[in-house]
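Asks: data_8.cif is reproduced below (mmCIF, C-alpha atoms, pLDDT in the B column; chains and numbers go by the auth columns).
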```cif
data_entry
loop_
_atom_site.group_PDB
_atom_site.id
_atom_site.type_symbol
_atom_site.label_atom_id
_atom_site.label_comp_id
_atom_site.label_asym_id
_atom_site.label_seq_id
_atom_site.Cartn_x
_atom_site.Cartn_y
_atom_site.Cartn_z
_atom_site.B_iso_or_equiv
_atom_site.auth_seq_id
_atom_site.auth_asym_id
ATOM 1 C CA MET A 1 109.958 -24.844 36.361 46.00 1 Q
ATOM 2 C CA SER A 2 106.222 -24.322 36.530 43.00 2 Q
ATOM 3 C CA GLU A 3 104.065 -23.948 33.431 43.00 3 Q
ATOM 4 C CA PRO A 4 103.101 -20.350 32.664 42.00 4 Q
ATOM 5 C CA VAL A 5 99.544 -19.626 33.552 40.00 5 Q
ATOM 6 C CA ALA A 6 97.366 -18.762 30.534 41.00 6 Q
ATOM 7 C CA GLU A 7 96.445 -15.130 30.626 43.00 7 Q
ATOM 8 C CA ARG A 8 92.691 -14.531 31.048 42.00 8 Q
ATOM 9 C CA PRO A 9 91.206 -12.602 28.096 41.00 9 Q
ATOM 10 C CA LYS A 10 90.536 -9.060 29.023 46.00 10 Q
ATOM 11 C CA SER A 11 86.900 -8.007 29.104 46.00 11 Q
ATOM 12 C CA PRO A 12 86.104 -5.048 26.865 46.00 12 Q
ATOM 13 C CA PRO A 13 85.905 -1.826 28.818 49.00 13 Q
ATOM 14 C CA ARG A 14 82.392 -1.132 30.122 47.00 14 Q
ATOM 15 C CA ARG A 15 82.212 2.119 28.204 47.00 15 Q
ATOM 16 C CA TRP A 16 82.551 0.219 24.909 41.00 16 Q
ATOM 17 C CA LEU A 17 79.717 -2.101 25.876 37.00 17 Q
ATOM 18 C CA LEU A 18 77.588 0.899 26.772 40.00 18 Q
ATOM 19 C CA ALA A 19 78.436 2.590 23.487 41.00 19 Q
ATOM 20 C CA GLY A 20 77.433 -0.550 21.598 43.00 20 Q
ATOM 21 C CA LEU A 21 74.079 -0.749 23.355 39.00 21 Q
ATOM 22 C CA VAL A 22 73.398 2.929 22.709 38.00 22 Q
ATOM 23 C CA GLY A 23 74.307 2.489 19.045 44.00 23 Q
ATOM 24 C CA ALA A 24 71.939 -0.457 18.697 40.00 24 Q
ATOM 25 C CA ALA A 25 69.139 1.510 20.356 39.00 25 Q
ATOM 26 C CA VAL A 26 69.723 4.434 18.002 35.00 26 Q
ATOM 27 C CA ALA A 27 69.637 2.111 14.986 38.00 27 Q
ATOM 28 C CA ILE A 28 66.332 0.592 16.120 35.00 28 Q
ATOM 29 C CA ALA A 29 64.896 4.060 16.725 36.00 29 Q
ATOM 30 C CA ILE A 30 65.904 5.136 13.214 33.00 30 Q
ATOM 31 C CA VAL A 31 64.268 2.073 11.681 33.00 31 Q
ATOM 32 C CA LEU A 32 61.072 2.728 13.616 34.00 32 Q
ATOM 33 C CA TRP A 33 61.087 6.401 12.657 33.00 33 Q
ATOM 34 C CA VAL A 34 61.645 5.613 8.983 34.00 34 Q
ATOM 35 C CA SER A 35 58.868 3.022 9.110 36.00 35 Q
ATOM 36 C CA ASN A 36 56.442 5.388 10.802 38.00 36 Q
ATOM 37 C CA ALA A 37 57.364 8.161 8.381 36.00 37 Q
ATOM 38 C CA GLY A 38 56.181 5.929 5.583 35.00 38 Q
ATOM 39 C CA LEU A 39 59.598 5.474 3.961 36.00 39 Q
ATOM 40 C CA LEU A 40 59.682 1.729 4.568 33.00 40 Q
ATOM 41 C CA LYS A 41 55.936 1.160 4.510 44.00 41 Q
ATOM 42 C CA PRO A 42 54.438 3.724 2.134 46.00 42 Q
ATOM 43 C CA THR A 43 50.911 2.363 2.521 55.00 43 Q
ATOM 44 C CA ASP A 44 50.707 3.135 6.248 75.00 44 Q
ATOM 45 C CA CYS A 45 48.302 5.875 7.273 94.00 45 Q
ATOM 46 C CA ALA A 46 47.832 7.876 10.423 95.00 46 Q
ATOM 47 C CA ALA A 47 45.124 6.637 12.776 96.00 47 Q
ATOM 48 C CA GLN A 48 41.857 8.560 12.395 97.00 48 Q
ATOM 49 C CA PRO A 49 39.724 7.792 15.467 97.00 49 Q
ATOM 50 C CA GLU A 50 37.480 10.840 15.032 97.00 50 Q
ATOM 51 C CA ALA A 51 36.658 9.888 11.441 97.00 51 Q
ATOM 52 C CA ALA A 52 35.906 6.352 12.587 97.00 52 Q
ATOM 53 C CA LYS A 53 33.539 7.694 15.265 97.00 53 Q
ATOM 54 C CA LEU A 54 31.757 9.850 12.703 98.00 54 Q
ATOM 55 C CA ILE A 55 31.125 6.851 10.454 98.00 55 Q
ATOM 56 C CA ASP A 56 30.122 4.693 13.418 97.00 56 Q
ATOM 57 C CA ALA A 57 27.530 7.264 14.423 98.00 57 Q
ATOM 58 C CA ALA A 58 26.032 7.194 10.917 98.00 58 Q
ATOM 59 C CA ALA A 59 26.119 3.379 10.650 98.00 59 Q
ATOM 60 C CA THR A 60 22.676 2.444 11.937 98.00 60 Q
ATOM 61 C CA GLY A 61 19.752 0.326 10.778 98.00 61 Q
ATOM 62 C CA GLN A 62 20.657 -1.471 7.541 96.00 62 Q
ATOM 63 C CA LEU A 63 24.310 -0.449 8.019 98.00 63 Q
ATOM 64 C CA ALA A 64 24.633 -1.280 11.711 98.00 64 Q
ATOM 65 C CA ALA A 65 27.232 -3.992 10.988 97.00 65 Q
ATOM 66 C CA LEU A 66 29.651 -1.422 9.523 98.00 66 Q
ATOM 67 C CA ASN A 67 32.557 -0.801 11.910 97.00 67 Q
ATOM 68 C CA GLY A 68 34.468 2.461 11.962 97.00 68 Q
ATOM 69 C CA THR A 69 38.165 1.605 12.241 96.00 69 Q
ATOM 70 C CA GLY A 70 40.550 4.384 11.222 93.00 70 Q
ATOM 71 C CA THR A 71 43.377 2.181 12.475 90.00 71 Q
ATOM 72 C CA GLY A 72 46.062 3.369 10.073 90.00 72 Q
ATOM 73 C CA ARG A 73 45.908 0.581 7.494 94.00 73 Q
ATOM 74 C CA GLY A 74 46.600 1.840 3.995 95.00 74 Q
ATOM 75 C CA TYR A 75 45.604 0.364 0.648 96.00 75 Q
ATOM 76 C CA ALA A 76 47.111 2.772 -1.878 96.00 76 Q
ATOM 77 C CA ASP A 77 49.324 -0.025 -3.231 96.00 77 Q
ATOM 78 C CA LEU A 78 46.536 -2.625 -3.496 96.00 78 Q
ATOM 79 C CA PRO A 79 46.955 -4.204 -6.962 96.00 79 Q
ATOM 80 C CA PHE A 80 44.218 -5.246 -9.383 97.00 80 Q
ATOM 81 C CA THR A 81 43.375 -4.844 -13.059 96.00 81 Q
ATOM 82 C CA ASP A 82 40.682 -3.140 -15.074 96.00 82 Q
ATOM 83 C CA ALA A 83 38.334 -5.053 -17.390 92.00 83 Q
ATOM 84 C CA ALA A 84 40.960 -4.988 -20.154 93.00 84 Q
ATOM 85 C CA GLY A 85 43.624 -6.490 -17.884 94.00 85 Q
ATOM 86 C CA GLU A 86 45.594 -3.279 -17.381 96.00 86 Q
ATOM 87 C CA PRO A 87 47.275 -3.104 -13.942 97.00 87 Q
ATOM 88 C CA MET A 88 45.947 -0.584 -11.441 97.00 88 Q
ATOM 89 C CA THR A 89 46.115 0.247 -7.742 97.00 89 Q
ATOM 90 C CA ILE A 90 43.927 2.186 -5.322 97.00 90 Q
ATOM 91 C CA LYS A 91 46.384 5.065 -5.753 97.00 91 Q
ATOM 92 C CA ASP A 92 44.963 5.583 -9.258 98.00 92 Q
ATOM 93 C CA PHE A 93 41.827 6.928 -7.544 98.00 93 Q
ATOM 94 C CA ALA A 94 43.664 9.341 -5.248 97.00 94 Q
ATOM 95 C CA GLY A 95 41.524 12.335 -4.332 97.00 95 Q
ATOM 96 C CA LYS A 96 38.277 10.362 -4.088 98.00 96 Q
ATOM 97 C CA LYS A 97 36.680 8.741 -1.054 98.00 97 Q
ATOM 98 C CA LEU A 98 36.017 5.108 -1.979 98.00 98 Q
ATOM 99 C CA LEU A 99 33.605 2.337 -1.148 98.00 99 Q
ATOM 100 C CA VAL A 100 35.660 -0.695 -2.189 98.00 100 Q
ATOM 101 C CA ASN A 101 33.591 -3.867 -2.402 98.00 101 Q
ATOM 102 C CA PHE A 102 35.303 -7.243 -2.766 97.00 102 Q
ATOM 103 C CA TRP A 103 33.059 -9.884 -4.326 97.00 103 Q
ATOM 104 C CA ALA A 104 32.942 -13.116 -6.319 95.00 104 Q
ATOM 105 C CA SER A 105 30.330 -14.529 -8.680 95.00 105 Q
ATOM 106 C CA TRP A 106 30.084 -17.768 -6.657 95.00 106 Q
ATOM 107 C CA CYS A 107 29.272 -15.774 -3.487 96.00 107 Q
ATOM 108 C CA ILE A 108 25.469 -15.674 -3.117 97.00 108 Q
ATOM 109 C CA PRO A 109 25.419 -12.640 -0.728 97.00 109 Q
ATOM 110 C CA CYS A 110 27.738 -10.814 -3.145 97.00 110 Q
ATOM 111 C CA ARG A 111 25.359 -11.398 -6.025 96.00 111 Q
ATOM 112 C CA ALA A 112 22.397 -10.256 -3.952 97.00 112 Q
ATOM 113 C CA GLU A 113 24.224 -7.075 -2.894 97.00 113 Q
ATOM 114 C CA MET A 114 25.242 -5.945 -6.395 97.00 114 Q
ATOM 115 C CA PRO A 115 21.960 -4.195 -7.376 97.00 115 Q
ATOM 116 C CA ALA A 116 22.135 -2.064 -4.228 97.00 116 Q
ATOM 117 C CA LEU A 117 25.730 -1.088 -4.999 98.00 117 Q
ATOM 118 C CA ASP A 118 24.763 -0.165 -8.560 98.00 118 Q
ATOM 119 C CA LYS A 119 21.948 2.064 -7.282 97.00 119 Q
ATOM 120 C CA LEU A 120 24.255 3.627 -4.701 98.00 120 Q
ATOM 121 C CA ALA A 121 26.798 4.400 -7.425 98.00 121 Q
ATOM 122 C CA ALA A 122 24.080 5.977 -9.583 98.00 122 Q
ATOM 123 C CA ALA A 123 22.981 8.220 -6.721 97.00 123 Q
ATOM 124 C CA GLN A 124 26.300 9.048 -5.042 98.00 124 Q
ATOM 125 C CA ASN A 125 29.222 8.796 -7.489 98.00 125 Q
ATOM 126 C CA ASP A 126 30.715 12.234 -8.141 97.00 126 Q
ATOM 127 C CA GLU A 127 34.069 14.016 -8.257 97.00 127 Q
ATOM 128 C CA THR A 128 34.659 13.247 -4.553 97.00 128 Q
ATOM 129 C CA PHE A 129 33.324 9.691 -4.189 98.00 129 Q
ATOM 130 C CA MET A 130 33.168 6.381 -6.067 98.00 130 Q
ATOM 131 C CA VAL A 131 31.866 2.845 -5.608 98.00 131 Q
ATOM 132 C CA LEU A 132 34.725 0.565 -6.637 98.00 132 Q
ATOM 133 C CA PRO A 133 33.857 -3.163 -6.887 98.00 133 Q
ATOM 134 C CA ILE A 134 36.757 -5.629 -7.238 97.00 134 Q
ATOM 135 C CA ASN A 135 36.146 -9.227 -8.299 96.00 135 Q
ATOM 136 C CA THR A 136 38.428 -11.553 -6.303 94.00 136 Q
ATOM 137 C CA GLY A 137 38.752 -15.218 -5.341 89.00 137 Q
ATOM 138 C CA GLU A 138 37.342 -16.258 -8.710 90.00 138 Q
ATOM 139 C CA ALA A 139 38.196 -19.858 -9.645 84.00 139 Q
ATOM 140 C CA GLN A 140 37.241 -19.266 -13.301 87.00 140 Q
ATOM 141 C CA PRO A 141 38.700 -15.980 -14.599 82.00 141 Q
ATOM 142 C CA ASN A 142 35.789 -14.939 -16.833 89.00 142 Q
ATOM 143 C CA LYS A 143 32.970 -15.661 -14.387 93.00 143 Q
ATOM 144 C CA GLY A 144 33.017 -12.175 -12.896 92.00 144 Q
ATOM 145 C CA LYS A 145 32.888 -10.578 -16.347 92.00 145 Q
ATOM 146 C CA GLU A 146 30.007 -12.846 -17.367 94.00 146 Q
ATOM 147 C CA PHE A 147 28.075 -11.993 -14.198 95.00 147 Q
ATOM 148 C CA PHE A 148 28.514 -8.264 -14.786 93.00 148 Q
ATOM 149 C CA ALA A 149 27.455 -8.561 -18.419 92.00 149 Q
ATOM 150 C CA ALA A 150 24.336 -10.514 -17.468 94.00 150 Q
ATOM 151 C CA GLY A 151 23.433 -8.131 -14.648 94.00 151 Q
ATOM 152 C CA GLY A 152 23.809 -4.969 -16.691 91.00 152 Q
ATOM 153 C CA TRP A 153 25.323 -2.938 -13.872 92.00 153 Q
ATOM 154 C CA THR A 154 25.629 0.285 -15.837 93.00 154 Q
ATOM 155 C CA HIS A 155 27.026 2.349 -12.942 96.00 155 Q
ATOM 156 C CA LEU A 156 29.654 -0.159 -11.785 97.00 156 Q
ATOM 157 C CA PRO A 157 32.976 -0.698 -13.556 95.00 157 Q
ATOM 158 C CA LEU A 158 34.567 -4.151 -13.535 96.00 158 Q
ATOM 159 C CA TYR A 159 37.879 -4.502 -11.709 97.00 159 Q
ATOM 160 C CA VAL A 160 39.567 -7.844 -11.116 96.00 160 Q
ATOM 161 C CA ASP A 161 42.058 -9.397 -8.690 95.00 161 Q
ATOM 162 C CA PRO A 162 43.318 -12.229 -10.946 90.00 162 Q
ATOM 163 C CA ASN A 163 45.769 -13.778 -8.476 87.00 163 Q
ATOM 164 C CA PHE A 164 43.782 -13.789 -5.193 85.00 164 Q
ATOM 165 C CA THR A 165 46.286 -11.226 -3.883 88.00 165 Q
ATOM 166 C CA ILE A 166 43.619 -9.096 -2.249 90.00 166 Q
ATOM 167 C CA LEU A 167 41.786 -11.934 -0.529 84.00 167 Q
ATOM 168 C CA ASP A 168 45.061 -13.223 0.918 87.00 168 Q
ATOM 169 C CA ARG A 169 45.957 -9.764 2.203 89.00 169 Q
ATOM 170 C CA LEU A 170 42.570 -9.246 3.848 88.00 170 Q
ATOM 171 C CA LYS A 171 42.896 -12.600 5.618 87.00 171 Q
ATOM 172 C CA GLN A 172 46.488 -12.050 6.723 88.00 172 Q
ATOM 173 C CA THR A 173 45.638 -8.679 8.251 86.00 173 Q
ATOM 174 C CA ALA A 174 42.447 -10.086 9.848 84.00 174 Q
ATOM 175 C CA VAL A 175 40.358 -7.476 8.036 89.00 175 Q
ATOM 176 C CA ALA A 176 38.071 -10.150 6.626 85.00 176 Q
ATOM 177 C CA LEU A 177 37.764 -13.906 6.388 83.00 177 Q
ATOM 178 C CA GLY A 178 35.346 -14.119 3.476 90.00 178 Q
ATOM 179 C CA LEU A 179 33.213 -12.318 0.926 95.00 179 Q
ATOM 180 C CA PRO A 180 31.651 -9.896 0.483 96.00 180 Q
ATOM 181 C CA THR A 181 33.821 -7.412 2.337 96.00 181 Q
ATOM 182 C CA THR A 182 33.595 -3.652 1.975 97.00 182 Q
ATOM 183 C CA LEU A 183 36.150 -1.000 2.900 97.00 183 Q
ATOM 184 C CA LEU A 184 35.511 2.709 3.209 98.00 184 Q
ATOM 185 C CA LEU A 185 38.696 4.592 2.323 98.00 185 Q
ATOM 186 C CA ASP A 186 39.622 8.245 2.513 97.00 186 Q
ATOM 187 C CA ALA A 187 41.045 10.210 -0.422 97.00 187 Q
ATOM 188 C CA LYS A 188 44.541 8.812 0.250 96.00 188 Q
ATOM 189 C CA GLY A 189 43.452 5.179 0.350 97.00 189 Q
ATOM 190 C CA CYS A 190 43.458 4.959 4.153 97.00 190 Q
ATOM 191 C CA GLU A 191 40.952 2.675 5.865 97.00 191 Q
ATOM 192 C CA LEU A 192 38.132 4.353 7.779 98.00 192 Q
ATOM 193 C CA ALA A 193 35.617 1.505 8.117 97.00 193 Q
ATOM 194 C CA VAL A 194 35.083 -2.188 7.387 97.00 194 Q
ATOM 195 C CA LEU A 195 31.951 -4.204 6.723 97.00 195 Q
ATOM 196 C CA GLN A 196 32.061 -7.998 6.655 96.00 196 Q
ATOM 197 C CA GLY A 197 29.036 -9.264 4.790 96.00 197 Q
ATOM 198 C CA PRO A 198 26.395 -7.634 2.565 97.00 198 Q
ATOM 199 C CA ALA A 199 24.304 -4.524 3.207 97.00 199 Q
ATOM 200 C CA GLU A 200 21.416 -2.565 1.721 96.00 200 Q
ATOM 201 C CA TRP A 201 23.669 0.179 0.449 97.00 201 Q
ATOM 202 C CA ASP A 202 20.919 1.938 -1.511 96.00 202 Q
ATOM 203 C CA SER A 203 18.865 2.504 1.667 97.00 203 Q
ATOM 204 C CA PRO A 204 18.591 5.810 3.583 97.00 204 Q
ATOM 205 C CA ASP A 205 21.011 4.276 6.095 98.00 205 Q
ATOM 206 C CA GLY A 206 23.526 3.698 3.325 98.00 206 Q
ATOM 207 C CA ALA A 207 23.100 7.284 2.131 98.00 207 Q
ATOM 208 C CA SER A 208 23.790 8.536 5.669 98.00 208 Q
ATOM 209 C CA VAL A 209 27.043 6.586 5.815 98.00 209 Q
ATOM 210 C CA ILE A 210 28.212 7.948 2.448 98.00 210 Q
ATOM 211 C CA LYS A 211 27.281 11.480 3.547 98.00 211 Q
ATOM 212 C CA ALA A 212 29.470 11.031 6.622 98.00 212 Q
ATOM 213 C CA LEU A 213 32.316 9.647 4.491 98.00 213 Q
ATOM 214 C CA LYS A 214 32.129 12.561 2.062 98.00 214 Q
ATOM 215 C CA SER A 215 32.284 15.032 4.948 97.00 215 Q
ATOM 216 C CA ILE A 216 35.624 13.706 6.232 95.00 216 Q
#
```
Would you write the structure of this file as C-alpha cells?
Replies:
Amino acid sequence: MSEPVAERPKSPPRRWLLAGLVGAAVAIAIVLWVSNAGLLKPTDCAAQPEAAKLIDAAATGQLAALNGTGTGRGYADLPFTDAAGEPMTIKDFAGKKLLVNFWASWCIPCRAEMPALDKLAAAQNDETFMVLPINTGEAQPNKGKEFFAAGGWTHLPLYVDPNFTILDRLKQTAVALGLPTTLLLDAKGCELAVLQGPAEWDSPDGASVIKALKSI
C-alpha cells in the first residue's frame, strides 16, 4: 500500500492578499497624514517659498550670505533656559518674529558680532519682533554669563543651552555645522532663513532684512 501523499498547503485566496496590501497602504497613508497634520511632529511647519524669496531679495550687501529657506522646519519645541536656569522653548515667544542667534564665548566671530546684535535689538525690538541670542556649546557653564556681564549688552537677554541640545540638532538637520548661526523665524517658530557665520546686523542691509521679516 503506497504512502499517502502529503497535501500541499493551500495558498490564501488572492482577494485576501489584495485586502492585506490595501490595508497596509491605508495604514501608511494614515501615518503620513497624521505626521503632516502635525499630530506626530508638532514642530513641523508648512513650506513658505514666497516668504523665503522676500527675505532673499532683501538680503544684500552685508547680509548677502543670508539664505531664505522657508522649508517647513519648525523650532517651537527648541529647549533652552533663561539666565536663572528656568526652562523655556521658542514657543514662549509665540506671536513675535525672531532673530535667533546661536553663539559661544569661545567663538571669536560670535564675540565680534554681539555689539551689532545689541544695536539691532535696540533699534528693532518691539511687540512684533525680538533678537533672541542663545548661548550654546559652552564647555564652561558660566562663561557665557561672564561674557555678557563684561560686554554690558543692555538690549540682549541671556538664554542658555546647557546640554548642547541645540548644537546637536542644528548639525543633525544640516542647518549649521558651527557657530555663529542665525535663524529667522516667523511668529509660530517656523524657519524662514538661515545664516551661517557672522553679519553686520546693525547695518542698513540688516535693517532691510528685518523690515522684510516684519512684513511677513
Asks: Wanna dump the segment 34-134 of chain Q-segment 149-166 of chain Q contacts at 7 Å for me, each residue with its shortest atom pair and the distance in Å to one decimal, counting only C-alpha atoms, ordered by chain and number, as CSV?
Replies:
```
residue,atom,partner,partner_atom,distance
Q:Phe80,CA,Q:Asp161,CA,4.7
Q:Thr81,CA,Q:Val160,CA,5.2
Q:Asp82,CA,Q:Tyr159,CA,4.6
Q:Ala83,CA,Q:Leu158,CA,5.5
Q:Asp118,CA,Q:His155,CA,5.5
Q:Ala121,CA,Q:His155,CA,5.9
Q:Ala122,CA,Q:His155,CA,5.8
Q:Pro133,CA,Q:Tyr159,CA,6.4
Q:Ile134,CA,Q:Tyr159,CA,4.7
```
Asks: With only C-alpha atoms as the atoms that count, which of Q:Gln124, Q:Thr89, Q:Asn101, Q:Thr69 lies nearest to Asp202 of chain Q?
Replies: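 Once distances to Asp202 of chain Q are computed over only C-alpha atoms, the minimum belongs to Q:Gln124.
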Asks: Kindly resolve the PyMOL selection byres ((chain Q and resi 112) around 12) on the present coordinates and return the residues as a ChimeraX atom specification.
Replies: /Q:103-111,113-118,147,151,180,197-201
Asks: On this structure, the PyMOL selection byres ((chain Q and resi 75) around 9) would catch which residues? List them as a ChimeraX atom specification, sorted by chain and number.
Replies: /Q:43-44,73-74,76-79,89-91,185,188-191
Asks: Got a sec to resolve the PyMOL selection byres ((chain Q and resi 178) around 10) on this structure and send the residues as a PyMOL selection string?
Replies: chain Q and resi 102-103+107+137+167+170-171+175-177+179-181+196-197
Asks: Can you work out which one of Q:Ala51, Q:Leu99, Q:Lys145, Q:Asn67 has the shortest atom-to-atom distance to Gly85 of chain Q, counting all atoms listed in the file?
Replies: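 Using all atoms listed in the file, Gly85 of chain Q sits closest to Q:Lys145.
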Asks: I'd like the interatomic distance between atom CA of Ala59 of chain Q and atom CA of Val194 of chain Q, to a tenth of an Å.
Replies: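 Atom CA of Val194 of chain Q lies 11.0 Å from atom CA of Ala59 of chain Q.
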Asks: Can you pull out the residues contacting Gly72 of chain Q? Cut-off 6 Å, using only C-alpha atoms, and skip same-chain residues under 5 positions away; I want them as a list in words.
Replies: Cys45, Ala46 and Ala47 of chain Q
Asks: Measure the distance from atom CA of Lys96 of chain Q to atom CA of Thr182 of chain Q in Å and round it to one decimal.
Replies: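 Computed distance, atom CA of Lys96 of chain Q to atom CA of Thr182 of chain Q, equals 16.0 Å.
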Asks: State, in Å with one decimal place, the distance from atom CA of Ala212 of chain Q to atom CA of Ile55 of chain Q.
Replies: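 Here the two named atoms are 5.9 Å from each other.
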Asks: When distances are computed from all atoms listed in the file, which of Q:Asp168, Q:Thr136, Q:Leu54, Q:Asp126 shows the smallest separation from Lys97 of chain Q?
Replies: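 Smallest distance to Lys97 of chain Q is found for Q:Asp126.
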Asks: Restricting the calculation to only C-alpha atoms, which member of Q:Val209, Q:Ser215, Q:Glu146, Q:Leu195 is positioned closest to Leu183 of chain Q?
Replies: Q:Leu195
